[in-house]
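Engineer: Sharing coords.pdb, PDB, C-alpha atoms and all ligand atoms:
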ATOM      1  CA  MET A   1       0.000   0.000   0.000  1.00  0.00           C
ATOM      2  CA  GLY A   2       1.181   3.519   0.676  1.00  0.00           C
ATOM      3  CA  ALA A   3       4.497   4.759   1.900  1.00  0.00           C
ATOM      4  CA  LEU A   4       5.472   7.616   4.167  1.00  0.00           C
ATOM      5  CA  ILE A   5       8.509   9.563   3.101  1.00  0.00           C
ATOM      6  CA  ASP A   6      10.247  11.836   5.604  1.00  0.00           C
ATOM      7  CA  GLY A   7       9.932  15.392   4.458  1.00  0.00           C
ATOM      8  CA  GLY A   8       7.826  14.426   1.466  1.00  0.00           C
ATOM      9  CA  PRO A   9       4.277  13.473   0.724  1.00  0.00           C
ATOM     10  CA  ALA A  10       2.621  10.231   1.733  1.00  0.00           C
ATOM     11  CA  VAL A  11       2.206   8.201  -1.429  1.00  0.00           C
ATOM     12  CA  VAL A  12      -0.550   5.733  -2.277  1.00  0.00           C
ATOM     13  CA  VAL A  13       0.203   4.531  -5.792  1.00  0.00           C
ATOM     14  CA  ASN A  14      -0.510   1.497  -8.001  1.00  0.00           C
ATOM     15  CA  ASN A  15      -2.845  -0.379  -5.646  1.00  0.00           C
ATOM     16  CA  CYS A  16      -5.864  -2.502  -6.475  1.00  0.00           C
ATOM     17  CA  VAL A  17      -8.549  -2.462  -3.771  1.00  0.00           C
ATOM     18  CA  TRP A  18     -11.722  -4.413  -4.372  1.00  0.00           C
ATOM     19  CA  ASP A  19     -14.638  -6.132  -2.732  1.00  0.00           C
ATOM     20  CA  ASN A  20     -13.911  -4.726   0.719  1.00  0.00           C
ATOM     21  CA  PRO A  21     -17.110  -4.667   2.794  1.00  0.00           C
ATOM     22  CA  SER A  22     -15.413  -3.586   6.041  1.00  0.00           C
ATOM     23  CA  PRO A  23     -17.106  -0.595   7.618  1.00  0.00           C
ATOM     24  CA  ALA A  24     -15.280   2.554   8.642  1.00  0.00           C
ATOM     25  CA  MET A  25     -17.315   5.546   9.675  1.00  0.00           C
ATOM     26  CA  GLY A  26     -20.391   3.675   8.622  1.00  0.00           C
ATOM     27  CA  ASP A  27     -19.537   2.648   5.087  1.00  0.00           C
ATOM     28  CA  ALA A  28     -17.577   0.029   3.241  1.00  0.00           C
ATOM     29  CA  LEU A  29     -14.430   1.596   1.868  1.00  0.00           C
ATOM     30  CA  GLY A  30     -11.635   1.426  -0.651  1.00  0.00           C
ATOM     31  CA  LEU A  31      -9.290   4.036   0.798  1.00  0.00           C
ATOM     32  CA  THR A  32      -9.758   6.556   3.571  1.00  0.00           C
ATOM     33  CA  LEU A  33      -7.570   9.601   4.008  1.00  0.00           C
ATOM     34  CA  TYR A  34      -7.950  10.640   7.599  1.00  0.00           C
ATOM     35  CA  PHE A  35      -5.379  13.233   8.440  1.00  0.00           C
ATOM     36  CA  GLY A  36      -3.807  14.425  11.626  1.00  0.00           C
ATOM     37  CA  THR A  37      -0.718  16.507  11.051  1.00  0.00           C
ATOM     38  CA  ARG A  38       0.466  15.067   7.741  1.00  0.00           C
ATOM     39  CA  GLY A  39       1.279  17.434   4.927  1.00  0.00           C
ATOM     40  CA  GLU A  40       0.386  16.022   1.532  1.00  0.00           C
ATOM     41  CA  VAL A  41      -1.033  12.710   0.405  1.00  0.00           C
ATOM     42  CA  GLN A  42      -0.776  11.638  -3.218  1.00  0.00           C
ATOM     43  CA  VAL A  43      -3.356   9.078  -4.301  1.00  0.00           C
ATOM     44  CA  TRP A  44      -2.372   8.227  -7.851  1.00  0.00           C
ATOM     45  CA  HIS A  45      -2.995   5.314 -10.201  1.00  0.00           C
ATOM     46  CA  ASN A  46      -5.147   3.151  -7.961  1.00  0.00           C
ATOM     47  CA  THR A  47      -7.869   0.801  -9.171  1.00  0.00           C
ATOM     48  CA  LEU A  48     -10.854   0.648  -6.812  1.00  0.00           C
ATOM     49  CA  VAL A  49     -13.625  -1.819  -7.655  1.00  0.00           C
ATOM     50  CA  ASP A  50     -16.871  -2.893  -5.980  1.00  0.00           C
ATOM     51  CA  ASN A  51     -15.991  -2.043  -2.368  1.00  0.00           C
ATOM     52  CA  GLY A  52     -19.062  -2.748  -0.269  1.00  0.00           C
ATOM     53  CA  GLY A  53     -21.176  -3.859  -3.174  1.00  0.00           C
ATOM     54  CA  GLY A  54     -23.767  -1.181  -3.782  1.00  0.00           C
ATOM     55  CA  THR A  55     -23.279   0.670  -0.515  1.00  0.00           C
ATOM     56  CA  GLY A  56     -19.604   1.559  -0.354  1.00  0.00           C
ATOM     57  CA  GLU A  57     -17.273   4.450  -0.989  1.00  0.00           C
ATOM     58  CA  ALA A  58     -14.083   4.232  -3.009  1.00  0.00           C
ATOM     59  CA  ILE A  59     -12.108   7.135  -1.540  1.00  0.00           C
ATOM     60  CA  GLN A  60     -13.050   9.056   1.586  1.00  0.00           C
ATOM     61  CA  ILE A  61     -11.247  12.280   2.438  1.00  0.00           C
ATOM     62  CA  SER A  62     -11.955  13.615   5.903  1.00  0.00           C
ATOM     63  CA  ASP A  63     -10.664  15.669   8.804  1.00  0.00           C
ATOM     64  CA  LEU A  64      -8.379  17.839   6.734  1.00  0.00           C
ATOM     65  CA  THR A  65      -7.136  21.109   8.068  1.00  0.00           C
ATOM     66  CA  ALA A  66      -4.040  22.474   6.374  1.00  0.00           C
ATOM     67  CA  GLU A  67      -3.285  19.238   4.558  1.00  0.00           C
ATOM     68  CA  ILE A  68      -3.327  18.562   0.841  1.00  0.00           C
ATOM     69  CA  ALA A  69      -4.934  15.629  -0.929  1.00  0.00           C
ATOM     70  CA  ASP A  70      -3.907  15.001  -4.534  1.00  0.00           C
ATOM     71  CA  VAL A  71      -6.189  12.404  -6.116  1.00  0.00           C
ATOM     72  CA  ARG A  72      -5.488  11.751  -9.792  1.00  0.00           C
ATOM     73  CA  ASN A  73      -5.449   8.930 -12.340  1.00  0.00           C
ATOM     74  CA  ASN A  74      -7.601   6.590 -10.234  1.00  0.00           C
ATOM     75  CA  LEU A  75      -9.979   4.082 -11.818  1.00  0.00           C
ATOM     76  CA  ILE A  76     -13.163   3.832  -9.748  1.00  0.00           C
ATOM     77  CA  VAL A  77     -15.864   1.279 -10.538  1.00  0.00           C
ATOM     78  CA  GLY A  78     -18.999   0.077  -8.802  1.00  0.00           C
ATOM     79  CA  HIS A  79     -19.555   2.206  -5.675  1.00  0.00           C
ATOM     80  CA  ALA A  80     -22.470   4.069  -4.187  1.00  0.00           C
ATOM     81  CA  THR A  81     -20.336   7.211  -4.049  1.00  0.00           C
ATOM     82  CA  ALA A  82     -16.884   7.161  -5.609  1.00  0.00           C
ATOM     83  CA  ILE A  83     -15.196  10.068  -3.809  1.00  0.00           C
ATOM     84  CA  VAL A  84     -16.519  11.431  -0.531  1.00  0.00           C
ATOM     85  CA  VAL A  85     -15.125  14.641   0.949  1.00  0.00           C
ATOM     86  CA  THR A  86     -16.262  15.478   4.460  1.00  0.00           C
ATOM     87  CA  ALA A  87     -13.948  18.380   5.274  1.00  0.00           C
ATOM     88  CA  GLU A  88     -12.736  21.440   3.448  1.00  0.00           C
ATOM     89  CA  SER A  89      -9.124  21.500   2.388  1.00  0.00           C
ATOM     90  CA  ALA A  90      -6.804  21.815  -0.564  1.00  0.00           C
ATOM     91  CA  ILE A  91      -7.833  18.942  -2.793  1.00  0.00           C
ATOM     92  CA  THR A  92      -6.694  18.234  -6.324  1.00  0.00           C
ATOM     93  CA  LEU A  93      -9.094  15.927  -8.159  1.00  0.00           C
ATOM     94  CA  ASP A  94      -8.544  15.209 -11.834  1.00  0.00           C
ATOM     95  CA  HIS A  95      -8.118  12.567 -14.519  1.00  0.00           C
ATOM     96  CA  ASN A  96     -10.071  10.008 -12.492  1.00  0.00           C
ATOM     97  CA  LEU A  97     -12.231   7.491 -14.363  1.00  0.00           C
ATOM     98  CA  PHE A  98     -15.735   6.729 -13.106  1.00  0.00           C
ATOM     99  CA  TRP A  99     -17.839   3.771 -14.204  1.00  0.00           C
ATOM    100  CA  GLU A 100     -21.009   2.307 -12.741  1.00  0.00           C
ATOM    101  CA  ASN A 101     -20.913   4.355  -9.531  1.00  0.00           C
ATOM    102  CA  THR A 102     -24.259   5.673  -8.321  1.00  0.00           C
ATOM    103  CA  ALA A 103     -22.618   9.055  -7.662  1.00  0.00           C
ATOM    104  CA  ASP A 104     -19.126  10.214  -8.579  1.00  0.00           C
ATOM    105  CA  PHE A 105     -18.781  12.732  -5.716  1.00  0.00           C
ATOM    106  CA  SER A 106     -20.426  13.704  -2.482  1.00  0.00           C
ATOM    107  CA  ALA A 107     -22.448  16.911  -2.513  1.00  0.00           C
ATOM    108  CA  GLY A 108     -20.581  20.097  -3.277  1.00  0.00           C
ATOM    109  CA  VAL A 109     -17.409  18.530  -4.699  1.00  0.00           C
ATOM    110  CA  MET A 110     -16.306  19.884  -8.059  1.00  0.00           C
ATOM    111  CA  PRO A 111     -15.422  17.270 -10.701  1.00  0.00           C
ATOM    112  CA  GLY A 112     -12.019  17.426 -12.358  1.00  0.00           C
ATOM    113  CA  PRO A 113     -11.923  19.082 -15.781  1.00  0.00           C
ATOM    114  CA  ASN A 114     -10.364  15.976 -17.329  1.00  0.00           C
ATOM    115  CA  ASP A 115     -12.351  13.250 -15.595  1.00  0.00           C
ATOM    116  CA  VAL A 116     -13.380  10.296 -17.743  1.00  0.00           C
ATOM    117  CA  HIS A 117     -16.685   8.414 -17.886  1.00  0.00           C
ATOM    118  CA  GLY A 118     -16.624   5.182 -19.846  1.00  0.00           C
ATOM    119  CA  ASP A 119     -16.223   1.419 -19.678  1.00  0.00           C
ATOM    120  CA  PRO A 120     -12.687   0.593 -18.493  1.00  0.00           C
ATOM    121  CA  ARG A 121     -13.058  -2.914 -19.999  1.00  0.00           C
ATOM    122  CA  LEU A 122     -11.569  -4.815 -17.080  1.00  0.00           C
ATOM    123  CA  PHE A 123     -10.397  -8.311 -18.021  1.00  0.00           C
ATOM    124  CA  ASP A 124     -12.136 -10.118 -15.147  1.00  0.00           C
ATOM    125  CA  ARG A 125     -13.943  -7.758 -12.782  1.00  0.00           C
ATOM    126  CA  ALA A 126     -15.718 -10.527 -10.864  1.00  0.00           C
ATOM    127  CA  GLY A 127     -12.543 -12.565 -10.566  1.00  0.00           C
ATOM    128  CA  GLY A 128     -10.318  -9.700  -9.391  1.00  0.00           C
ATOM    129  CA  ASP A 129      -8.162  -9.300 -12.527  1.00  0.00           C
ATOM    130  CA  PHE A 130      -8.239  -5.595 -13.349  1.00  0.00           C
ATOM    131  CA  HIS A 131      -6.015  -5.484 -16.393  1.00  0.00           C
ATOM    132  CA  ILE A 132      -7.561  -3.133 -18.920  1.00  0.00           C
ATOM    133  CA  LEU A 133      -8.268  -4.316 -22.453  1.00  0.00           C
ATOM    134  CA  PRO A 134      -8.170  -2.660 -25.885  1.00  0.00           C
ATOM    135  CA  GLY A 135     -11.070  -0.241 -26.176  1.00  0.00           C
ATOM    136  CA  SER A 136     -10.841   0.718 -22.495  1.00  0.00           C
ATOM    137  CA  ALA A 137     -11.774   4.299 -21.689  1.00  0.00           C
ATOM    138  CA  ALA A 138      -8.747   4.334 -19.375  1.00  0.00           C
ATOM    139  CA  LEU A 139      -6.237   3.889 -22.203  1.00  0.00           C
ATOM    140  CA  ASP A 140      -3.934   6.890 -22.625  1.00  0.00           C
ATOM    141  CA  ALA A 141      -6.462   9.040 -20.731  1.00  0.00           C
ATOM    142  CA  GLY A 142      -4.320   9.814 -17.683  1.00  0.00           C
ATOM    143  CA  GLU A 143      -1.992  12.630 -16.751  1.00  0.00           C
ATOM    144  CA  ASN A 144       1.738  11.902 -16.728  1.00  0.00           C
ATOM    145  CA  LEU A 145       2.634  12.258 -13.049  1.00  0.00           C
ATOM    146  CA  GLY A 146       6.042  10.649 -13.428  1.00  0.00           C
ATOM    147  CA  VAL A 147       5.074   7.217 -12.110  1.00  0.00           C
ATOM    148  CA  ALA A 148       7.525   5.097 -14.105  1.00  0.00           C
ATOM    149  CA  VAL A 149       5.944   1.652 -13.690  1.00  0.00           C
ATOM    150  CA  ASP A 150       2.506   0.118 -13.180  1.00  0.00           C
ATOM    151  CA  PHE A 151       1.348  -2.319 -10.484  1.00  0.00           C
ATOM    152  CA  GLU A 152       3.088  -5.262 -12.164  1.00  0.00           C
ATOM    153  CA  GLY A 153       6.331  -3.433 -12.938  1.00  0.00           C
ATOM    154  CA  GLN A 154       5.598  -2.662 -16.598  1.00  0.00           C
ATOM    155  CA  ALA A 155       6.836   0.702 -17.846  1.00  0.00           C
ATOM    156  CA  ARG A 156       4.619   3.781 -18.049  1.00  0.00           C
ATOM    157  CA  PRO A 157       3.642   5.225 -20.386  1.00  0.00           C
ATOM    158  CA  GLN A 158       3.103   2.826 -23.263  1.00  0.00           C
ATOM    159  CA  ARG A 159       1.494   3.621 -26.603  1.00  0.00           C
ATOM    160  CA  GLY A 160      -0.107   7.069 -26.728  1.00  0.00           C
ATOM    161  CA  GLY A 161       0.141   8.136 -23.096  1.00  0.00           C
ATOM    162  CA  VAL A 162      -0.421   7.217 -19.485  1.00  0.00           C
ATOM    163  CA  ASP A 163      -3.343   4.900 -18.659  1.00  0.00           C
ATOM    164  CA  ILE A 164      -5.689   5.589 -15.733  1.00  0.00           C
ATOM    165  CA  GLY A 165      -5.615   3.090 -12.864  1.00  0.00           C
ATOM    166  CA  ALA A 166      -3.029   0.638 -11.554  1.00  0.00           C
ATOM    167  CA  ASP A 167      -2.461  -1.084 -14.899  1.00  0.00           C
ATOM    168  CA  GLU A 168      -0.623   0.293 -17.905  1.00  0.00           C
ATOM    169  CA  CYS A 169      -1.750  -1.802 -20.867  1.00  0.00           C
ATOM    170  CA  ARG A 170       1.232  -3.507 -22.481  1.00  0.00           C
ATOM    171  CA  ALA A 171       1.894  -2.289 -25.996  1.00  0.00           C
ATOM    172  CA  ILE A 172       1.883  -5.179 -28.454  1.00  0.00           C
ATOM    173  CA  SER A 173       3.426  -5.427 -31.900  1.00  0.00           C
ATOM    174  CA  HIS A 174       1.554  -6.323 -35.077  1.00  0.00           C
ATOM    175  CA  THR A 175       3.997  -9.206 -35.434  1.00  0.00           C
ATOM    176  CA  GLU A 176       2.401 -10.901 -32.419  1.00  0.00           C
ATOM    177  CA  VAL A 177      -0.933 -10.904 -34.240  1.00  0.00           C
ATOM    178  CA  VAL A 178       0.624 -12.085 -37.504  1.00  0.00           C
ATOM    179  CA  ASP A 179       2.421 -14.925 -35.751  1.00  0.00           C
ATOM    180  CA  HIS A 180      -0.815 -15.933 -34.039  1.00  0.00           C
ATOM    181  CA  LEU A 181      -2.724 -15.923 -37.351  1.00  0.00           C
ATOM    182  CA  LEU A 182       0.034 -17.983 -38.993  1.00  0.00           C
ATOM    183  CA  GLY A 183      -0.109 -20.504 -36.167  1.00  0.00           C
ATOM    184  CA  VAL A 184       3.516 -20.064 -35.151  1.00  0.00           C
ATOM    185  CA  LEU A 185       2.674 -18.358 -31.834  1.00  0.00           C
ATOM    186  CA  GLU A 186       0.081 -19.718 -29.446  1.00  0.00           C
ATOM    187  CA  VAL A 187      -1.824 -16.871 -27.816  1.00  0.00           C
ATOM    188  CA  THR A 188      -4.492 -17.609 -25.203  1.00  0.00           C
ATOM    189  CA  GLY A 189      -6.428 -16.085 -22.320  1.00  0.00           C
ATOM    190  CA  PHE A 190      -5.714 -12.452 -21.514  1.00  0.00           C
ATOM    191  CA  ASP A 191      -3.111 -12.148 -24.265  1.00  0.00           C
ATOM    192  CA  LEU A 192      -5.679 -13.250 -26.849  1.00  0.00           C
ATOM    193  CA  GLU A 193      -7.915 -10.363 -25.809  1.00  0.00           C
ATOM    194  CA  LEU A 194      -4.923  -8.045 -25.791  1.00  0.00           C
ATOM    195  CA  ILE A 195      -4.123  -8.698 -29.454  1.00  0.00           C
ATOM    196  CA  ASP A 196      -7.735  -7.957 -30.458  1.00  0.00           C
ATOM    197  CA  ASP A 197      -6.636  -4.380 -30.929  1.00  0.00           C
ATOM    198  CA  ASN A 198      -9.875  -3.046 -32.409  1.00  0.00           C
ATOM    199  CA  ALA A 199     -11.898  -4.751 -29.650  1.00  0.00           C
ATOM    200  CA  ASP A 200     -14.392  -6.506 -31.949  1.00  0.00           C
ATOM    201  CA  ASP A 201     -13.978  -9.966 -30.368  1.00  0.00           C
ATOM    202  CA  THR A 202     -12.204 -11.305 -33.431  1.00  0.00           C
ATOM    203  CA  VAL A 203      -8.456 -11.493 -33.988  1.00  0.00           C
ATOM    204  CA  ASP A 204      -7.794 -11.014 -37.682  1.00  0.00           C
ATOM    205  CA  THR A 205      -5.949  -8.886 -40.219  1.00  0.00           C
ATOM    206  CA  ALA A 206      -7.958  -5.818 -39.180  1.00  0.00           C
ATOM    207  CA  ASP A 207      -6.027  -5.869 -35.910  1.00  0.00           C
ATOM    208  CA  VAL A 208      -2.746  -6.093 -37.808  1.00  0.00           C
ATOM    209  CA  VAL A 209      -3.718  -3.047 -39.876  1.00  0.00           C
ATOM    210  CA  ASN A 210      -4.800  -1.213 -36.744  1.00  0.00           C
ATOM    211  CA  LEU A 211      -1.451  -1.768 -35.093  1.00  0.00           C
ATOM    212  CA  VAL A 212       0.618  -0.950 -38.174  1.00  0.00           C
ATOM    213  CA  ASN A 213      -1.287   2.312 -38.535  1.00  0.00           C
ATOM    214  CA  GLN A 214      -0.220   3.156 -34.980  1.00  0.00           C
ATOM    215  CA  GLY A 215       3.377   2.326 -35.743  1.00  0.00           C
ATOM    216  CA  LEU A 216       3.309  -0.769 -33.567  1.00  0.00           C
TER     217      LEU A 216
HETATM  218 CA    CA B   1      -0.879   3.939 -22.433  1.00  0.00          CA
HETATM  219 CA    CA B   2       0.340  -3.734 -17.270  1.00  0.00          CA
HETATM  220 CA    CA B   3     -10.225  -7.518 -33.760  1.00  0.00          CA
END
Here is the file; what I need is its structure written in the form of structure tokens.
Ligand SMILES: [Ca+2]
Ligand SMILES: [Ca+2]
Ligand SMILES: [Ca+2]

Structural biologist:
Amino acid sequence: MGALIDGGPAVVVNNCVWDNPSPAMGDALGLTLYFGTRGEVQVWHNTLVDNGGGTGEAIQISDLTAEIADVRNNLIVGHATAIVVTAESAITLDHNLFWENTADFSAGVMPGPNDVHGDPRLFDRAGGDFHILPGSAALDAGENLGVAVDFEGQARPQRGGVDIGADECRAISHTEVVDHLLGVLEVTGFDLELIDDNADDTVDTADVVNLVNQGL
């Protein structure tokens, strides 16, 4: 999870938090930022999914005084309220992706100018595999905050920019698709969905063309 750095901000980066029904302050939660005398907390590139079923909150920010909360590039799916702010403070909220939350923010909170609403196309939401697939609204939609790797150690950014959430989608080459179509490379499971670059549920020459046109 997060790390505290002497003299610097507390950092909560590249985590996946899902299906947590544990109550805190009355609600199931993904992350809660409950400050005492800390300075700044950076909550970047986290994937928060289905915490508390239909009754939970993804990120709760409370009891701030002079502190700073910086909440960007988070992928938030399946909550009653995605981001709850219960105290005034200096809060940066932007480039977060919202999908299938009943409400994105608690009352009075201003959305970020670059927030994203769209299907993140998670590989296996029910099974806890939150890799994003081609066609995901999270692809290249983030802000480059200088986080060099994703949750599994793959480099950021890949392809056209930084992806929102804990996963940066691995860039593939058209040669992987060609080799699969020629039968010289066996591609299965997640990788088979990854090479369906135009996200039409069929791996064929259209995906090769798509990738070549992107210089991949
Ligand atoms: Ca990318
Ligand atoms: Ca990745
Ligand atoms: Ca395809």

Engineer: Residues up to 10 Å from ligand CA 2 (chain B), counting all atoms listed in the file: could you list those as a list in words?

Structural biologist: Phe130, His131, Ile132, Val149, Asp150, Phe151, Glu152, Gly153, Gln154, Ala155, Arg156, Gln158, Asp163, Ala166, Asp167, Glu168, Cys169, Arg170 and Ala171 of chain A

Engineer: Which residues, named as in the file, does the PyMOL selection byres (((chain A and resi 50) around 9) and not hetatm) pick out? Answer as a PyMOL selection string.

Structural biologist: chain A and resi 17-21+30+48-49+51-54+56-58+76-79+125

Engineer: Run the PyMOL selection byres (((chain A and resi 142) around 7) and not hetatm) mentally over the shown coordinates, then write out the matched residues as number ranges by chain, using the chain letters and numbers from the document.

Structural biologist: A: 73, 95, 140-141, 143-144, 162-164

Engineer: Could you save those same residues with C-alpha atoms as a PDB file, keeping the file's coordinate frame?

Structural biologist:
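Output file result_32.pdb follows:
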ATOM      1  CA  ASN A  73      -5.449   8.930 -12.340  1.00  0.00           C
ATOM      2  CA  HIS A  95      -8.118  12.567 -14.519  1.00  0.00           C
ATOM      3  CA  ASP A 140      -3.934   6.890 -22.625  1.00  0.00           C
ATOM      4  CA  ALA A 141      -6.462   9.040 -20.731  1.00  0.00           C
ATOM      5  CA  GLU A 143      -1.992  12.630 -16.751  1.00  0.00           C
ATOM      6  CA  ASN A 144       1.738  11.902 -16.728  1.00  0.00           C
ATOM      7  CA  VAL A 162      -0.421   7.217 -19.485  1.00  0.00           C
ATOM      8  CA  ASP A 163      -3.343   4.900 -18.659  1.00  0.00           C
ATOM      9  CA  ILE A 164      -5.689   5.589 -15.733  1.00  0.00           C
TER      10      ILE A 164
END

Engineer: Show me, as CSV, the residues of chain A having an atom within 6 Å of ligand CA 3 (chain B), each with the closest atom pair and its distance in Å, using only C-alpha atoms and all ligand atoms.

Structural biologist:
residue,atom,partner,partner_atom,distance
A:Asp196,CA,B:CA3,CA,4.2
A:Asp197,CA,B:CA3,CA,5.5
A:Asn198,CA,B:CA3,CA,4.7
A:Ala199,CA,B:CA3,CA,5.2
A:Asp200,CA,B:CA3,CA,4.7
A:Asp201,CA,B:CA3,CA,5.6
A:Thr202,CA,B:CA3,CA,4.3
A:Val203,CA,B:CA3,CA,4.4
A:Asp204,CA,B:CA3,CA,5.8
A:Asp207,CA,B:CA3,CA,5.0

Engineer: Find the residue from A:Leu181, A:Ala206, A:Val84, A:Leu133 that sits nearest to ligand CA 1 (chain B); use only C-alpha atoms and all ligand atoms when measuring.

Structural biologist: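 That would be A:Leu133, the residue with the smallest distance to ligand CA 1 (chain B).
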
Engineer: Would you work out the distance separating atom CA of A:Phe123 from atom CA of A:Ile83, expressed in Å to one decimal?

Structural biologist: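 According to the coordinates, atom CA of A:Phe123 and atom CA of A:Ile83 are separated by 23.7 Å.
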
Engineer: Atom CA of A:Gly127 to atom CA of A:Leu33: how many Å, to one decimal?

Structural biologist: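 Answer for the atom CA of A:Gly127 to atom CA of A:Leu33 separation: 27.0 Å.
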
Engineer: For atom CA of A:His180 and atom CA of A:Gly135, determine how far apart the two atoms are, in Å to one decimal place.

Structural biologist: 20.3 Å
